[in-house]
Structures are given as structure tokens and as C-alpha cells.
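Asker: Let me begin by handing over the structure; questions about it come next.
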Amino acid sequence: MLHQPNRQVNSFMKLIITVDVEGDNLWSSSTSMTTKNAHYIPRFQDLCSLHGFKPTYLVDYEMANDQIFQEFGREMVRKGAAEIGMHLHAWNTPPLYTKRGLHHHPIYITELPDQIIYEKMAFMTSLLHDVFHSKPLSHRSGRWGFDERVARVLSELGYHVDCSVTPGVSWRHHKGDPDGKGGPDYNTFSVRPYFLDLDNIRLAGESNILEVPVTIRPMYPKLLRRLCHIASQSGLLSRAVEKFLKPYVWLRPTGYNVLEMNELASWALSKNLPVMELILHSSELMPGGSPYFPEKDDIETLFNDLERFLAHASALRITGATLAEYRQICE
């Protein structure tokens with residue numbers, strides 16, 4: 001049972017749309033880095049604005065240096081139409097760390113020494129502030145890599161929100177450093193937002209960092225989910241569990257799951273969740289920018305599903321907020 005903080009989050013349903021703004025097709029093994037997807041983000045912004053929602057753009061190093069996105073991001077911040085936050089990929093964000101593990105793409109920030117974690121996060125915070133003329137208040141770790149050390153740095157740097165937790169999902173079998181233990185295990189984490197205990201991020205505490213987990217619905221009873229979790233820790237079984245058993249459903253558009261997303265919204269309302277968080281990547285908005293949407297027709301299907309889901313959310317009287325705006329509601 002999670003310890004409940006003295007401060008309680010607001011119970012009025014909000015929809016937060018988070019976009020990991022990063023280079024093209026980081027799923028590939030290519031060593032080259034392009035940022036062509038910056039040209040495709042305004043269309044997505046227009047769709048969100050049409051339905052009264054404000055995206056939170058969580059920006060990584062290469063996109064913070066892309067001139068097209070720089071101009072777009074500054075304009076959105078100036079208009080109050082979106083928020084700019086931090087999304088840090090540990091393997092290419094300065095200062096570069098030359099230990100062997102770093103060169104195994106992609107490494108988790110949690111696999112780095114404390115001082116390097118601080119220096120990378122401080123560098124990105126300054127870069128985003130300088131480029132977008134706005135202090136970043138929200139954060140998501142690259143590859144969902146998050147722990148107490150990262151949380152304490154966020155607090156020290158003045159962040160208000162993290163959204164790295166994927167409740168019920170373990171990343172242990174997803175290696176960063178080949179000699180490491182893999183990513184975090186969020187199997188016992190809450191689906192509800194909570195203020196972090198900086199000594200144990202699984203627990204609610206008294207810090208100023210609000211954790212807003214990705215909206216993920218468990219599909220099986222607790223015991224069966226536990227068995228799926230145990231099986232997922234095996235390198236041989238993990239992919240089969242994810243593909244065939246599908247123990248969880250994410251609020252993440254795939255181009256063919258709008259009905260599933262609509263049902264997820266109804267489930268969240270039935271559970272009295274105060275907020276839903278939808279996620280996607282900026283590269284998924286461009287044909288060929290990801291393995292999931294290789295062709296132009298795939299992008300059109302994606303936008304059609306997004307249009308239908310946002311209309312459905314509006315019909316349910318779910319209103320929008322950025323991560324930082326939602327944090328203010330929870331004061």
C-alpha cells in the first residue's frame with residue numbers, strides 16, 4: 001500500500017499529451033542522427049489546439065539544436081500553446097562520458113556516476129532555458145530510466161514534474177550497458193499521480209516533484225499479472241509476453257487502436273483517475289521516422305485516430321493541461 005502524502009491531487013479529469021521530441025528513428029541501429037521530423041510537428045500542434053489541448057514537448061539534445069524546432073518551440077511557448085520540458089538521452093547529451101558502457105547505444109542515465117548525471121541534467125536544463133526562453137519544469141528520462149538519484153537532481157535543479165514511470169512495466173530485460181542490470185522495474189508503482197519520496201520513488205512523500213505516470217491499464221487479475229511479470233524477466237520469454245499476452249494497454253496511438261484508447265479513457269474515468277497521460281514520439285509524426293509508421297498512409301491513419309480520440313475525450317468533458325499546469329492544480 002502506497003503511503004499517501006498530505007497534499008492530495010485534484011480529482012477533476014485532465015488529459016496530458018506528452019511528446020518525446022527526439023531525432024528520427026532512434027529505434028534503428030544507425031549511427032547518423034537527423035531531425036527531419038521537426039517539419040511535421042506543427043500539424044500535430046494544430047490538431048491538439050483545434051480540440052483545446054496543449055501538448056508538453058519533452059525535448060532531447062539534438063532537437064534542442066534543430067533550428068526548425070527551436071523557432072516552433074519558442075513560438076508555442078510565447079503563445080502559451082504548449083510547454084517545453086526535458087527528455088535526456090544519456091549516450092549523446094554533453095558532457096560525454098567515455099566509460100565503455102556509454103558507447104553501447106542506448107545506455108540508461110541510471111547507469112552513470114552521480115556527478116555525470118548531475119552535469120548532463122544541468123547542461124540540458126540550461127540549454128532548454130537559453131533556447132526556448134522558458135525554464136523547463138517537466139522531465140521524462142530517456143528509455144524510462146529513473147531512480148532516486150535522478151529524482152534528487154530534478155529537485156535540486158528546480159523541476160516540478162516527472163513522467164518517467166510506466167506503472168506495471170519492467171524494463172529489466174531491456175539492456176543499456178551490456179554489463180548492467182537493465183532498466184527500472186515499475187511493476188509495483190501506482191497508476192495515480194503522487195508527490196515523490198526522494199528516498200524511494202515508488203512511494204508518495206513530501207517532495208516538490210509530482211510524478212505523473214503514463215496511463216497504462218492492467219488487463220489481467222493481479223496474480224496473472226504477477227506471473228506475466230515473472231515471465232517477462234526472462235530474455236527468452238519477454239518478447240512473447242509483450243506480443244501475445246499483452247498484460248497492459250498503454251495510452252499510446254499506434255494507428256489502429258483508437259477504440260482501445262477510447263475504452264482506456266472510459267476505464268480511467270471509472271477508476272476516478274484525476275489525469276490521463278497520452279504519449280508519442282515526434283518522429284512518429286513523420287513517414288519513415290519510426291518503424292511503426294513507415295509510409296505516408298500510416299501517418300494519415302495515425303492522425304485520423306488522434307482526431308477521433310481527442311474528439312472522444314472532449315465529448316467526455318475531459319479537459320487539457322500541460323504537465324506544469326497540472327502540477328499547479330495539485331498545489
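Chain labels A, B, ... are given in the sequence in which chains occur in the C-alpha cells; within each chain residues are numbered consecutively from 1, and ligands are likewise numbered from 1 in the order shown.
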At a cut-off of 8 Å, using only C-alpha atoms, what residues contact Val59 in chain A? Leave out same-chain residues fewer than 3 positions from it and give the result as a PDB file with N, CA and C atoms, in the first residue's frame.
Answerer:
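Generated output (selection-v7.pdb):
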```pdb
ATOM      1  N   ASP A  20       7.732  12.933 -26.776  1.00  0.00           N
ATOM      2  CA  ASP A  20       9.190  12.846 -26.691  1.00  0.00           C
ATOM      3  C   ASP A  20       9.758  13.383 -28.004  1.00  0.00           C
ATOM      4  N   VAL A  21      10.308  14.582 -27.944  1.00  0.00           N
ATOM      5  CA  VAL A  21      10.814  15.252 -29.137  1.00  0.00           C
ATOM      6  C   VAL A  21      12.275  14.852 -29.305  1.00  0.00           C
ATOM      7  N   GLU A  22      12.517  13.986 -30.275  1.00  0.00           N
ATOM      8  CA  GLU A  22      13.841  13.402 -30.444  1.00  0.00           C
ATOM      9  C   GLU A  22      14.122  13.163 -31.915  1.00  0.00           C
ATOM     10  N   MET A  63      17.260  17.709 -30.817  1.00  0.00           N
ATOM     11  CA  MET A  63      16.123  18.534 -31.246  1.00  0.00           C
ATOM     12  C   MET A  63      16.193  19.937 -30.651  1.00  0.00           C
ATOM     13  N   ALA A  64      16.806  20.073 -29.487  1.00  0.00           N
ATOM     14  CA  ALA A  64      17.013  21.406 -28.921  1.00  0.00           C
ATOM     15  C   ALA A  64      17.971  22.228 -29.771  1.00  0.00           C
ATOM     16  N   ILE A  84       7.517  23.311 -22.913  1.00  0.00           N
ATOM     17  CA  ILE A  84       8.786  22.679 -23.258  1.00  0.00           C
ATOM     18  C   ILE A  84       9.407  22.108 -21.993  1.00  0.00           C
ATOM     19  N   GLY A  85       9.688  20.800 -21.998  1.00  0.00           N
ATOM     20  CA  GLY A  85      10.353  20.143 -20.887  1.00  0.00           C
ATOM     21  C   GLY A  85      11.577  19.387 -21.381  1.00  0.00           C
ATOM     22  N   MET A  86      12.176  18.597 -20.500  1.00  0.00           N
ATOM     23  CA  MET A  86      13.431  17.915 -20.806  1.00  0.00           C
ATOM     24  C   MET A  86      13.220  16.424 -21.031  1.00  0.00           C
ATOM     25  N   HIS A  87      13.900  15.909 -22.052  1.00  0.00           N
ATOM     26  CA  HIS A  87      13.978  14.476 -22.333  1.00  0.00           C
ATOM     27  C   HIS A  87      15.443  14.177 -22.627  1.00  0.00           C
ATOM     28  N   LEU A  88      16.110  13.508 -21.700  1.00  0.00           N
ATOM     29  CA  LEU A  88      17.560  13.377 -21.789  1.00  0.00           C
ATOM     30  C   LEU A  88      17.958  11.964 -22.184  1.00  0.00           C
TER      31      LEU A  88
END
```
Asker: Between A:Ser170, A:Thr18, A:Ser282, A:Ser190, which one has atoms that come closest to Pro55 in chain A, using only C-alpha atoms?
Answerer: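 Answer, going by the shortest atom-to-atom distance: A:Thr18.
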Asker: So how many Å separate CA of Thr34 in chain A and CA of Asn92 in chain A, to one decimal?
Answerer: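 Result for CA of Thr34 in chain A versus CA of Asn92 in chain A: 13.4 Å, one decimal.
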Asker: So, counting only C-alpha atoms, which residue among A:Ile201, A:Met121, A:Cys163, A:Met33 is closest to Thr56 in chain A?
Answerer: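 Looking at the shortest contact to Thr56 in chain A, the residue is A:Cys163.
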Asker: As a PyMOL selection string, list the residues of range 261-323 of chain A assigned to strand (DSSP E or B) by DSSP on the backbone atoms of this structure.
Answerer: chain A and resi 275-281+319-320
Asker: Report the residues of range 29-93 of chain A whose backbone DSSP state falls under alpha helix (DSSP H), written as a PDB file with C-alpha atoms, in the first residue's frame.
Answerer:
```
ATOM      1  CA  ILE A  41       5.252  18.653 -35.592  1.00  0.00           C
ATOM      2  CA  PRO A  42       3.186  21.794 -36.437  1.00  0.00           C
ATOM      3  CA  ARG A  43       0.427  19.669 -37.970  1.00  0.00           C
ATOM      4  CA  PHE A  44       0.146  17.762 -34.701  1.00  0.00           C
ATOM      5  CA  GLN A  45       0.109  21.008 -32.743  1.00  0.00           C
ATOM      6  CA  ASP A  46      -2.721  22.335 -34.907  1.00  0.00           C
ATOM      7  CA  LEU A  47      -4.791  19.214 -34.232  1.00  0.00           C
ATOM      8  CA  CYS A  48      -4.298  19.495 -30.481  1.00  0.00           C
ATOM      9  CA  SER A  49      -5.121  23.202 -30.492  1.00  0.00           C
ATOM     10  CA  LEU A  50      -8.258  22.555 -32.543  1.00  0.00           C
ATOM     11  CA  TYR A  61      19.676  17.347 -27.123  1.00  0.00           C
ATOM     12  CA  GLU A  62      19.609  17.026 -30.912  1.00  0.00           C
ATOM     13  CA  MET A  63      16.123  18.534 -31.246  1.00  0.00           C
ATOM     14  CA  ALA A  64      17.013  21.406 -28.921  1.00  0.00           C
ATOM     15  CA  GLN A  67      16.647  25.408 -35.866  1.00  0.00           C
ATOM     16  CA  ILE A  68      13.183  24.489 -37.169  1.00  0.00           C
ATOM     17  CA  PHE A  69      12.074  23.132 -33.804  1.00  0.00           C
ATOM     18  CA  GLN A  70      13.742  25.986 -31.946  1.00  0.00           C
ATOM     19  CA  GLU A  71      11.625  28.543 -33.809  1.00  0.00           C
ATOM     20  CA  PHE A  72       8.474  26.460 -33.448  1.00  0.00           C
ATOM     21  CA  GLY A  73       9.024  25.823 -29.728  1.00  0.00           C
ATOM     22  CA  ARG A  74       9.689  29.464 -28.917  1.00  0.00           C
ATOM     23  CA  GLU A  75       6.523  30.496 -30.729  1.00  0.00           C
ATOM     24  CA  MET A  76       4.412  27.893 -28.889  1.00  0.00           C
ATOM     25  CA  VAL A  77       5.802  29.000 -25.527  1.00  0.00           C
ATOM     26  CA  ARG A  78       5.183  32.651 -26.406  1.00  0.00           C
ATOM     27  CA  LYS A  79       1.556  31.866 -27.286  1.00  0.00           C
TER      28      LYS A  79
END
```
Asker: Considering only C-alpha atoms, state which residue in the set A:His281, A:Ala315, A:Asp297, A:Glu331 is at the smallest distance from Gly52 in chain A.
Answerer: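 Counting only C-alpha atoms, the residue closest to Gly52 in chain A is A:Ala315.
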Asker: In Å, how far is it from CA of Ala38 in chain A to CA of Thr322 in chain A?
Answerer: 20.0 Å
